[in-house]
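Structure below is target13.txt: compact mmCIF, C-alpha atoms and all ligand atoms.
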# COMPACT_ATOMS: atom_id res chain seq x y z
CA MET A 21 101.67 97.65 80.57
CA ILE A 22 101.22 94.01 79.54
CA SER A 23 98.22 93.13 77.41
CA ASN A 24 97.27 89.78 75.90
CA LYS A 25 94.15 91.02 74.06
CA PRO A 26 91.59 88.89 75.96
CA ARG A 27 88.46 87.64 74.28
CA PRO A 28 85.28 89.59 75.09
CA PHE A 29 83.21 88.15 77.96
CA GLN A 30 79.91 86.41 77.16
CA PRO A 31 77.61 85.65 80.16
CA VAL A 32 75.95 82.82 78.22
CA ASN A 33 78.02 79.62 78.38
CA SER A 34 80.47 81.35 80.72
CA LEU A 35 82.81 79.41 82.99
CA ILE A 36 84.49 81.65 85.55
CA LEU A 37 87.32 80.76 87.90
CA GLY A 38 87.08 82.81 91.13
CA ILE A 39 90.14 83.08 93.40
CA GLU A 40 90.23 84.38 96.99
CA SER A 41 93.36 84.78 99.14
CA SER A 42 92.90 88.04 101.06
CA CYS A 43 93.53 86.65 104.55
CA ASP A 44 94.06 83.07 105.74
CA ASP A 45 91.93 81.04 103.31
CA THR A 46 93.23 79.95 99.92
CA ALA A 47 90.09 79.41 97.86
CA ALA A 48 89.01 78.80 94.28
CA ALA A 49 85.67 78.03 92.65
CA VAL A 50 84.23 77.48 89.19
CA LEU A 51 80.90 79.09 88.28
CA LYS A 52 78.96 78.16 85.14
CA ASN A 53 76.59 80.64 83.49
CA GLY A 54 76.42 82.76 86.64
CA ASN A 55 74.15 80.28 88.41
CA GLN A 56 75.72 76.80 88.61
CA LEU A 57 78.47 76.45 91.17
CA LEU A 58 80.55 73.53 89.89
CA SER A 59 83.16 73.57 92.65
CA ASN A 60 84.14 75.57 95.71
CA ILE A 61 87.47 74.59 97.28
CA THR A 62 88.91 76.21 100.41
CA TYR A 63 92.20 75.45 102.07
CA SER A 64 92.16 76.94 105.57
CA GLN A 65 95.38 78.04 107.30
CA ILE A 66 93.74 78.04 110.74
CA GLU A 67 96.05 75.35 112.19
CA LEU A 68 99.14 77.27 111.03
CA HIS A 69 98.09 80.45 112.85
CA GLN A 70 96.43 78.87 115.91
CA PRO A 71 99.60 78.80 118.08
CA PHE A 72 99.89 82.58 117.61
CA GLY A 73 96.24 83.33 118.45
CA GLY A 74 95.78 85.29 115.20
CA VAL A 75 96.87 85.50 111.58
CA VAL A 76 100.62 86.05 111.06
CA PRO A 77 100.82 87.91 107.71
CA GLU A 78 104.23 86.58 106.61
CA LEU A 79 103.27 82.96 107.34
CA ALA A 80 99.94 83.49 105.58
CA ALA A 81 101.60 84.73 102.39
CA ARG A 82 104.06 81.82 102.33
CA ASP A 83 101.29 79.28 102.80
CA HIS A 84 99.13 80.86 100.06
CA LEU A 85 102.13 80.50 97.77
CA ARG A 86 102.30 76.76 98.54
CA GLN A 87 98.55 76.19 98.25
CA ILE A 88 97.35 78.44 95.44
CA VAL A 89 98.18 76.12 92.52
CA PRO A 90 96.88 72.88 94.18
CA VAL A 91 93.68 74.66 95.25
CA ILE A 92 93.04 76.04 91.75
CA GLU A 93 93.79 72.63 90.20
CA LYS A 94 91.41 70.93 92.65
CA SER A 95 88.64 73.42 91.85
CA LEU A 96 88.96 72.59 88.16
CA GLN A 97 89.14 68.83 88.81
CA GLU A 98 86.01 68.90 90.96
CA ALA A 99 84.22 71.00 88.34
CA ARG A 100 85.39 68.47 85.71
CA VAL A 101 86.74 71.19 83.45
CA ASN A 102 90.15 72.04 81.98
CA PHE A 103 91.96 75.36 82.01
CA SER A 104 91.16 75.71 78.30
CA ASP A 105 87.40 75.47 79.08
CA LEU A 106 87.46 78.62 81.25
CA THR A 107 86.02 81.81 79.76
CA ALA A 108 87.15 84.30 82.44
CA VAL A 109 89.11 84.69 85.68
CA ALA A 110 88.27 86.82 88.75
CA ALA A 111 90.50 87.29 91.80
CA THR A 112 90.28 89.35 94.98
CA ARG A 113 92.50 92.45 94.76
CA GLY A 114 91.83 94.03 98.18
CA PRO A 115 91.40 95.01 100.90
CA GLY A 116 93.36 92.45 102.93
CA LEU A 117 96.88 91.33 103.80
CA ILE A 118 99.10 92.47 100.97
CA GLY A 119 101.28 89.34 100.77
CA SER A 120 98.20 87.10 100.83
CA LEU A 121 96.35 89.14 98.22
CA LEU A 122 99.32 89.12 95.85
CA CYS A 123 99.38 85.29 95.66
CA GLY A 124 95.80 84.90 94.46
CA LEU A 125 95.79 88.00 92.29
CA GLN A 126 99.04 87.14 90.52
CA ALA A 127 97.93 83.54 89.99
CA GLY A 128 94.66 84.78 88.48
CA LYS A 129 96.39 87.29 86.22
CA ALA A 130 98.93 84.68 85.08
CA LEU A 131 96.18 82.24 84.13
CA ALA A 132 94.18 84.90 82.32
CA TYR A 133 97.32 85.95 80.45
CA ALA A 134 98.28 82.41 79.49
CA PHE A 135 94.81 81.46 78.26
CA GLN A 136 93.91 84.91 76.86
CA LEU A 137 90.91 85.25 79.12
CA PRO A 138 89.09 88.36 80.37
CA PHE A 139 90.24 89.22 83.89
CA VAL A 140 88.61 91.21 86.67
CA GLY A 141 90.00 92.17 90.08
CA ILE A 142 87.41 92.02 92.86
CA HIS A 143 86.85 94.04 96.03
CA HIS A 144 86.60 91.60 98.97
CA HIS A 145 83.60 93.41 100.43
CA PHE A 146 81.81 93.33 97.05
CA ALA A 147 82.54 89.60 96.86
CA HIS A 148 80.85 89.01 100.24
CA ILE A 149 77.79 90.98 99.02
CA SER A 150 77.79 88.95 95.78
CA ALA A 151 77.46 85.71 97.80
CA SER A 152 73.82 86.72 98.40
CA PHE A 153 73.11 86.07 94.70
CA TYR A 154 73.44 82.35 95.41
CA CYS A 155 70.27 82.64 97.54
CA ASN A 156 67.19 81.16 95.94
CA PRO A 157 65.46 83.47 95.09
CA PRO A 158 68.23 86.10 95.02
CA PRO A 159 67.61 89.56 96.49
CA THR A 160 66.28 92.31 94.23
CA PHE A 161 67.35 95.97 94.45
CA PRO A 162 67.33 98.02 96.55
CA PHE A 163 68.45 96.19 99.66
CA LEU A 164 70.15 96.90 102.95
CA CYS A 165 73.36 94.90 103.35
CA LEU A 166 74.84 94.02 106.71
CA VAL A 167 78.44 92.81 106.36
CA VAL A 168 79.71 91.03 109.48
CA SER A 169 83.17 89.52 109.29
CA GLY A 170 86.51 89.44 111.06
CA GLY A 171 87.53 92.69 109.37
CA HIS A 172 84.26 94.50 108.65
CA THR A 173 81.04 95.53 110.32
CA SER A 174 79.03 97.75 108.03
CA LEU A 175 75.58 98.63 106.78
CA SER A 176 75.16 99.74 103.18
CA ILE A 177 72.32 100.52 100.83
CA VAL A 178 72.76 98.59 97.61
CA SER A 179 70.57 100.40 95.07
CA ASN A 180 72.25 98.70 92.11
CA PHE A 181 75.76 97.47 91.35
CA ASP A 182 76.94 101.02 90.62
CA SER A 183 75.58 102.42 93.83
CA ILE A 184 76.63 100.94 97.14
CA GLN A 185 76.32 103.59 99.81
CA ILE A 186 77.87 102.83 103.19
CA ILE A 187 75.61 104.23 105.92
CA GLY A 188 77.20 102.64 108.96
CA ASN A 189 80.67 101.40 109.77
CA THR A 190 82.60 100.16 112.76
CA ARG A 191 84.42 102.86 114.69
CA ASP A 192 86.85 100.37 116.21
CA ASP A 193 86.78 96.56 116.27
CA ALA A 194 84.76 94.53 113.79
CA VAL A 195 82.17 92.23 115.36
CA GLY A 196 84.12 89.09 114.34
CA GLU A 197 87.23 90.56 115.93
CA ALA A 198 85.28 91.14 119.17
CA PHE A 199 84.02 87.53 119.10
CA ASP A 200 87.57 86.26 118.54
CA LYS A 201 89.27 88.41 121.18
CA ILE A 202 86.73 87.46 123.86
CA ALA A 203 87.02 83.81 122.79
CA LYS A 204 90.80 84.00 123.21
CA VAL A 205 90.45 85.11 126.85
CA LEU A 206 87.98 82.25 127.34
CA GLY A 207 90.73 79.90 126.14
CA PHE A 208 89.14 78.90 122.82
CA PRO A 209 91.33 78.31 119.74
CA TYR A 210 91.58 81.01 117.05
CA PRO A 211 89.24 82.07 115.44
CA GLY A 212 86.94 81.59 118.39
CA GLY A 213 83.60 83.02 117.19
CA LYS A 214 82.16 79.59 116.50
CA TYR A 215 83.25 78.26 119.92
CA ILE A 216 81.34 81.06 121.65
CA GLU A 217 78.28 79.98 119.66
CA GLN A 218 78.80 76.28 120.51
CA ASN A 219 79.27 77.02 124.22
CA ALA A 220 76.29 79.41 124.32
CA LYS A 221 73.79 76.62 123.63
CA ASP A 222 71.26 76.35 126.48
CA GLY A 223 72.91 79.28 128.30
CA ASN A 224 70.94 81.98 130.09
CA ILE A 225 71.44 85.41 128.46
CA LYS A 226 70.42 87.20 131.66
CA THR A 227 73.00 85.78 134.10
CA TYR A 228 75.69 88.29 133.12
CA GLN A 229 74.97 91.95 132.40
CA PHE A 230 76.76 93.67 129.53
CA PRO A 231 76.53 97.40 128.76
CA LYS A 232 74.23 98.48 125.91
CA SER A 233 76.78 99.40 123.23
CA MET A 234 76.35 102.39 120.86
CA PRO A 235 72.94 103.36 122.28
CA GLN A 236 72.78 106.61 120.24
CA LYS A 237 69.87 106.56 117.77
CA ASN A 238 71.39 109.26 115.56
CA THR A 239 74.14 107.04 114.12
CA LEU A 240 74.24 103.75 112.29
CA ASP A 241 77.90 103.26 113.16
CA PHE A 242 78.99 100.31 115.28
CA SER A 243 81.44 100.07 118.14
CA TYR A 244 82.61 96.87 119.79
CA SER A 245 85.65 97.85 121.79
CA GLY A 246 83.61 98.88 124.88
CA LEU A 247 81.66 95.62 124.90
CA LYS A 248 84.87 93.65 124.34
CA THR A 249 86.64 95.37 127.25
CA ALA A 250 83.60 94.92 129.54
CA ALA A 251 83.48 91.22 128.69
CA ILE A 252 87.22 90.70 129.21
CA ASN A 253 87.14 92.61 132.55
CA LEU A 254 84.20 90.54 133.70
CA LEU A 255 86.12 87.37 132.81
CA LYS A 256 89.25 88.50 134.62
CA ASN A 257 87.31 89.41 137.77
CA SER A 258 84.96 86.44 137.74
CA ALA A 259 84.58 84.12 140.70
CA ILE A 260 85.10 80.34 140.83
CA THR A 261 81.37 79.91 140.25
CA PHE A 262 81.78 81.39 136.75
CA ASN A 263 79.35 79.81 134.30
CA LYS A 264 80.92 79.60 130.84
CA THR A 265 77.68 78.64 129.08
CA ASP A 266 75.77 81.60 130.49
CA PHE A 267 78.68 83.93 129.77
CA CYS A 268 78.87 82.82 126.11
CA ALA A 269 75.09 83.13 125.73
CA GLY A 270 75.15 86.60 127.28
CA ILE A 271 78.03 88.01 125.24
CA GLN A 272 76.73 86.46 122.01
CA HIS A 273 73.36 88.11 122.70
CA ALA A 274 75.01 91.48 123.44
CA LEU A 275 77.14 91.37 120.26
CA VAL A 276 74.16 90.43 118.08
CA GLU A 277 71.84 92.93 119.83
CA GLN A 278 73.87 95.91 118.55
CA LEU A 279 73.79 94.53 115.00
CA LEU A 280 70.05 93.98 115.25
CA ARG A 281 69.28 97.42 116.72
CA LYS A 282 71.27 99.28 114.03
CA THR A 283 69.82 97.12 111.26
CA LEU A 284 66.21 97.78 112.34
CA LEU A 285 67.00 101.50 112.60
CA ALA A 286 68.45 101.51 109.06
CA LEU A 287 65.51 99.59 107.55
CA GLU A 288 63.07 102.11 109.04
CA LYS A 289 65.12 105.20 108.29
CA TYR A 290 65.63 104.33 104.62
CA HIS A 291 62.24 102.61 104.09
CA LEU A 292 63.85 99.39 102.91
CA SER A 293 62.13 96.01 103.01
CA ARG A 294 64.97 93.68 101.98
CA LEU A 295 67.95 92.77 104.14
CA VAL A 296 71.03 90.83 103.05
CA ILE A 297 73.48 89.53 105.69
CA VAL A 298 76.93 88.32 104.61
CA GLY A 299 80.40 87.67 106.06
CA GLY A 300 81.82 85.00 108.36
CA VAL A 301 79.86 86.03 111.47
CA ALA A 302 76.66 85.34 109.47
CA CYS A 303 77.46 81.64 110.12
CA ASN A 304 76.22 82.28 113.65
CA GLN A 305 72.80 80.61 113.94
CA TYR A 306 71.69 82.82 116.84
CA LEU A 307 72.39 85.89 114.67
CA ARG A 308 70.59 84.35 111.66
CA ASP A 309 67.50 83.39 113.69
CA THR A 310 67.29 86.53 115.84
CA ILE A 311 67.72 89.07 113.05
CA THR A 312 65.43 87.20 110.64
CA TYR A 313 62.70 86.94 113.30
CA GLU A 314 62.90 90.60 114.37
CA VAL A 315 63.11 91.99 110.82
CA LYS A 316 60.01 90.02 109.80
CA LYS A 317 58.28 91.08 113.01
CA LEU A 318 58.91 94.71 112.06
CA SER A 319 56.86 94.12 108.89
CA SER A 320 55.57 90.91 107.35
CA ARG A 321 56.57 92.38 103.95
CA ASN A 322 60.22 92.34 104.92
CA GLU A 323 62.52 89.74 103.39
CA VAL A 324 65.87 88.48 104.70
CA PHE A 325 68.55 86.89 102.50
CA ILE A 326 71.47 85.07 104.13
CA PRO A 327 73.70 82.78 102.01
CA GLU A 328 74.27 79.23 103.22
CA LYS A 329 77.00 79.07 105.85
CA LYS A 330 79.84 77.85 103.62
CA LEU A 331 79.29 80.93 101.42
CA CYS A 332 79.44 83.34 104.39
CA THR A 333 83.09 82.79 105.37
CA ASP A 334 85.78 83.67 102.81
CA ASN A 335 85.43 81.49 99.71
CA GLY A 336 86.08 81.37 95.98
CA ALA A 337 82.40 81.09 95.02
CA MET A 338 81.66 84.65 96.11
CA VAL A 339 84.58 85.93 94.01
CA ALA A 340 83.40 83.94 90.98
CA MET A 341 79.88 85.42 91.39
CA ALA A 342 81.31 88.93 91.81
CA GLY A 343 83.37 88.30 88.67
CA PHE A 344 80.28 87.21 86.75
CA ILE A 345 78.43 90.36 87.85
CA GLN A 346 81.27 92.74 86.96
CA LEU A 347 82.23 91.09 83.68
CA SER A 348 78.56 91.00 82.58
CA ARG A 349 78.50 94.77 83.17
CA GLY A 350 81.52 95.18 80.91
CA ILE A 351 84.07 95.68 83.69
CA GLN A 352 87.47 94.12 82.96
CA HIS A 353 90.98 94.91 84.15
CA ASP A 354 94.29 94.75 82.38
CA PHE A 355 97.31 93.16 83.98
CA SER A 356 98.60 96.37 85.50
CA ILE A 357 95.95 96.04 88.23
CA ASP A 358 97.63 95.72 91.62
CA ALA A 359 96.71 94.32 95.04
CA LYS A 360 95.70 96.92 97.64
CA ALA A 361 95.76 96.42 101.41
CA TYR A 362 93.34 99.37 101.75
CA LEU A 363 90.73 99.74 99.06
CA PRO A 364 87.56 101.82 99.25
CA LEU A 365 84.43 100.10 97.93
O1 LIG B 401 84.35 86.63 106.41
P1 LIG B 401 85.36 85.88 107.19
O2 LIG B 401 85.56 84.42 106.88
O3 LIG B 401 86.78 86.54 107.06
C1 LIG B 401 86.96 87.93 107.03
O4 LIG B 401 86.83 88.54 105.94
O5 LIG B 401 87.20 88.47 108.13
O6 LIG B 401 84.98 86.06 108.74
C2 LIG B 401 85.73 85.46 109.76
C3 LIG B 401 85.08 85.81 111.09
C4 LIG B 401 85.93 85.41 112.30
O7 LIG B 401 85.98 86.50 113.19
C5 LIG B 401 85.16 84.24 112.89
O8 LIG B 401 85.31 84.06 114.28
C6 LIG B 401 83.74 84.64 112.56
O9 LIG B 401 83.82 85.12 111.24
N1 LIG B 401 82.81 83.50 112.68
C7 LIG B 401 81.85 83.43 113.63
C8 LIG B 401 81.21 82.19 113.44
N2 LIG B 401 81.79 81.56 112.37
C9 LIG B 401 82.77 82.40 111.92
N3 LIG B 401 81.49 84.28 114.59
C10 LIG B 401 80.48 83.92 115.40
N4 LIG B 401 79.81 82.75 115.29
C11 LIG B 401 80.14 81.85 114.33
N5 LIG B 401 79.49 80.69 114.20
ZN ZN B 402 85.85 88.15 104.34
Written form, structure tokens:
Amino acid sequence: MISNKPRPFQPVNSLILGIESSCDDTAAAVLKNGNQLLSNITYSQIELHQPFGGVVPELAARDHLRQIVPVIEKSLQEARVNFSDLTAVAATRGPGLIGSLLCGLQAGKALAYAFQLPFVGIHHHFAHISASFYCNPPPTFPFLCLVVSGGHTSLSIVSNFDSIQIIGNTRDDAVGEAFDKIAKVLGFPYPGGKYIEQNAKDGNIKTYQFPKSMPQKNTLDFSYSGLKTAAINLLKNSAITFNKTDFCAGIQHALVEQLLRKTLLALEKYHLSRLVIVGGVACNQYLRDTITYEVKKLSSRNEVFIPEKKLCTDNGAMVAMAGFIQLSRGIQHDFSIDAKAYLPL
């Protein structure tokens, strides 16, 4: 086991480098004192994967390898700091694509080793949740957290940083995956979630009927494969008079409706009044507006926290914040920590 005897972490006057590379974004950010985001750089591989209609793991890993050093250097340049000014390093360690994860994690460990800095490996899901602490004001405990991304759809009760209890999970596709697969059949580039949103503007949600997905009230789990198949079948059997705008509005409404229904159920069941929504699909304005409106309608005491859009998709800022949280709680890792494709929260 390699050890470089890192300095202890001090939250005051801290300067953390956060690195994210779990999928197809190479990202790095610098966070000062746990509340000032000095830089947040993301290099997206979208164009590389677009011809294949999805992320190709081997290509992703190779591109991370090319981009990781320039992205880290740019994050320091924009923050106007040097490597020697850093006081800690955090990097995503899983879950995700193993080759992608290894690039960011190894780069982070190498830097921490070279500059004798405290290091912490971060769970990608925990990083998304940590993005909510950039909200002003930030959420207070306990809160319900809805994670909606390309890989996750889950509801959890966050009582404190030691206790994150998952109470609902997807049984098949994640909501982002459903958005993207339907978008692909519609002919939109990958990842197509945002194109469904753009095309849904001014559409009529009632023109096309979609089945009510996961209607059971006794589970907080999600399922999107039925809705996805229904949407794709409808597309394949549609007539020449097919209205793309109405279709996008209808499917967007149906996808968000399940999230909303399960979220309201969870808030009531667990008597929670604060909701945090994170993950790439939280960029969707229809989702942001609809869930915020309905949660506040349920009770005027309810509060909703959604990070600004650039902090919802994968980014280095959320890893830097997660690093600040973990390091402040005394959590550090030595350099034997490894990347994990599957990693429980
Ligand atoms: O969190 P994220 O960047 O990566 C994962 O950890 O998966 O989420 C990416 C997902 C993709 O499925 C993408 O289509 C979706 O977020 N997404 C959206 C929108 N923007 C991104 N889905 C619907 N509407 C959007 N505006
Ligand atoms: Zn993510």
Counting all atoms listed in the file, give me one row per residue of chain A with an atom at most 6 Å from an atom of ligand LIG 401 (chain B), showing the shortest contact pair and its distance in Å to one decimal, sorted by chain then residue number, as CSV.
residue,atom,partner,partner_atom,distance
A:Ser169,CA,B:LIG401,O6,3.9
A:Gly170,CA,B:LIG401,O5,3.2
A:Gly171,CA,B:LIG401,O5,4.4
A:Gly196,CA,B:LIG401,O7,3.4
A:Glu197,CA,B:LIG401,O7,5.1
A:Asp200,CA,B:LIG401,O8,5.3
A:Pro211,CA,B:LIG401,O8,4.6
A:Gly212,CA,B:LIG401,O8,5.1
A:Gly213,CA,B:LIG401,O8,3.5
A:Lys214,CA,B:LIG401,N5,3.7
A:Glu217,CA,B:LIG401,N4,5.4
A:Gly299,CA,B:LIG401,O1,4.1
A:Gly300,CA,B:LIG401,O6,3.4
A:Val301,CA,B:LIG401,C7,3.9
A:Cys303,CA,B:LIG401,N5,4.7
A:Asn304,CA,B:LIG401,N5,3.7
A:Thr333,CA,B:LIG401,O2,3.3
A:Asp334,CA,B:LIG401,O2,4.1
Computed interatomic separation between atom CA of Phe199 of chain A and atom CA of Tyr215 of chain A (Å):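 Separation between atom CA of Phe199 of chain A and atom CA of Tyr215 of chain A: 9.3 Å.
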Within 12 Å of Ala151 of chain A using only C-alpha atoms, minus same-chain residues under 4 positions, as a ChimeraX atom specification: /A:54-55,57,144-147,155-156,158-159,165,167,296-300,302,325-345
Write a file of the selected residues as a PDB file, in the coordinates of the input, keeping C-alpha atoms.
ATOM      1  CA  GLY A  54      76.420  82.760  86.640  1.00  0.00           C
ATOM      2  CA  ASN A  55      74.150  80.280  88.410  1.00  0.00           C
ATOM      3  CA  LEU A  57      78.470  76.450  91.170  1.00  0.00           C
ATOM      4  CA  HIS A 144      86.600  91.600  98.970  1.00  0.00           C
ATOM      5  CA  HIS A 145      83.600  93.410 100.430  1.00  0.00           C
ATOM      6  CA  PHE A 146      81.810  93.330  97.050  1.00  0.00           C
ATOM      7  CA  ALA A 147      82.540  89.600  96.860  1.00  0.00           C
ATOM      8  CA  CYS A 155      70.270  82.640  97.540  1.00  0.00           C
ATOM      9  CA  ASN A 156      67.190  81.160  95.940  1.00  0.00           C
ATOM     10  CA  PRO A 158      68.230  86.100  95.020  1.00  0.00           C
ATOM     11  CA  PRO A 159      67.610  89.560  96.490  1.00  0.00           C
ATOM     12  CA  CYS A 165      73.360  94.900 103.350  1.00  0.00           C
ATOM     13  CA  VAL A 167      78.440  92.810 106.360  1.00  0.00           C
ATOM     14  CA  VAL A 296      71.030  90.830 103.050  1.00  0.00           C
ATOM     15  CA  ILE A 297      73.480  89.530 105.690  1.00  0.00           C
ATOM     16  CA  VAL A 298      76.930  88.320 104.610  1.00  0.00           C
ATOM     17  CA  GLY A 299      80.400  87.670 106.060  1.00  0.00           C
ATOM     18  CA  GLY A 300      81.820  85.000 108.360  1.00  0.00           C
ATOM     19  CA  ALA A 302      76.660  85.340 109.470  1.00  0.00           C
ATOM     20  CA  PHE A 325      68.550  86.890 102.500  1.00  0.00           C
ATOM     21  CA  ILE A 326      71.470  85.070 104.130  1.00  0.00           C
ATOM     22  CA  PRO A 327      73.700  82.780 102.010  1.00  0.00           C
ATOM     23  CA  GLU A 328      74.270  79.230 103.220  1.00  0.00           C
ATOM     24  CA  LYS A 329      77.000  79.070 105.850  1.00  0.00           C
ATOM     25  CA  LYS A 330      79.840  77.850 103.620  1.00  0.00           C
ATOM     26  CA  LEU A 331      79.290  80.930 101.420  1.00  0.00           C
ATOM     27  CA  CYS A 332      79.440  83.340 104.390  1.00  0.00           C
ATOM     28  CA  THR A 333      83.090  82.790 105.370  1.00  0.00           C
ATOM     29  CA  ASP A 334      85.780  83.670 102.810  1.00  0.00           C
ATOM     30  CA  ASN A 335      85.430  81.490  99.710  1.00  0.00           C
ATOM     31  CA  GLY A 336      86.080  81.370  95.980  1.00  0.00           C
ATOM     32  CA  ALA A 337      82.400  81.090  95.020  1.00  0.00           C
ATOM     33  CA  MET A 338      81.660  84.650  96.110  1.00  0.00           C
ATOM     34  CA  VAL A 339      84.580  85.930  94.010  1.00  0.00           C
ATOM     35  CA  ALA A 340      83.400  83.940  90.980  1.00  0.00           C
ATOM     36  CA  MET A 341      79.880  85.420  91.390  1.00  0.00           C
ATOM     37  CA  ALA A 342      81.310  88.930  91.810  1.00  0.00           C
ATOM     38  CA  GLY A 343      83.370  88.300  88.670  1.00  0.00           C
ATOM     39  CA  PHE A 344      80.280  87.210  86.750  1.00  0.00           C
ATOM     40  CA  ILE A 345      78.430  90.360  87.850  1.00  0.00           C
TER      41      ILE A 345
END
Contact residues around segment 125-127 of chain A with all atoms listed in the file at 7 Å, ignoring same-chain residues under 4 positions, as a ChimeraX atom specification: /A:111-113,121,131,359
So which residues fall inside 6 Å of (68.5, 86.6, 119.1) if we count all atoms listed in the file? Mind giving them as a PDB file with C-alpha atoms, keeping the file's coordinate frame?
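After the write, part.pdb holds the following:
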ATOM      1  CA  TYR A 306      71.690  82.820 116.840  1.00  0.00           C
ATOM      2  CA  LEU A 307      72.390  85.890 114.670  1.00  0.00           C
ATOM      3  CA  THR A 310      67.290  86.530 115.840  1.00  0.00           C
TER       4      THR A 310
END
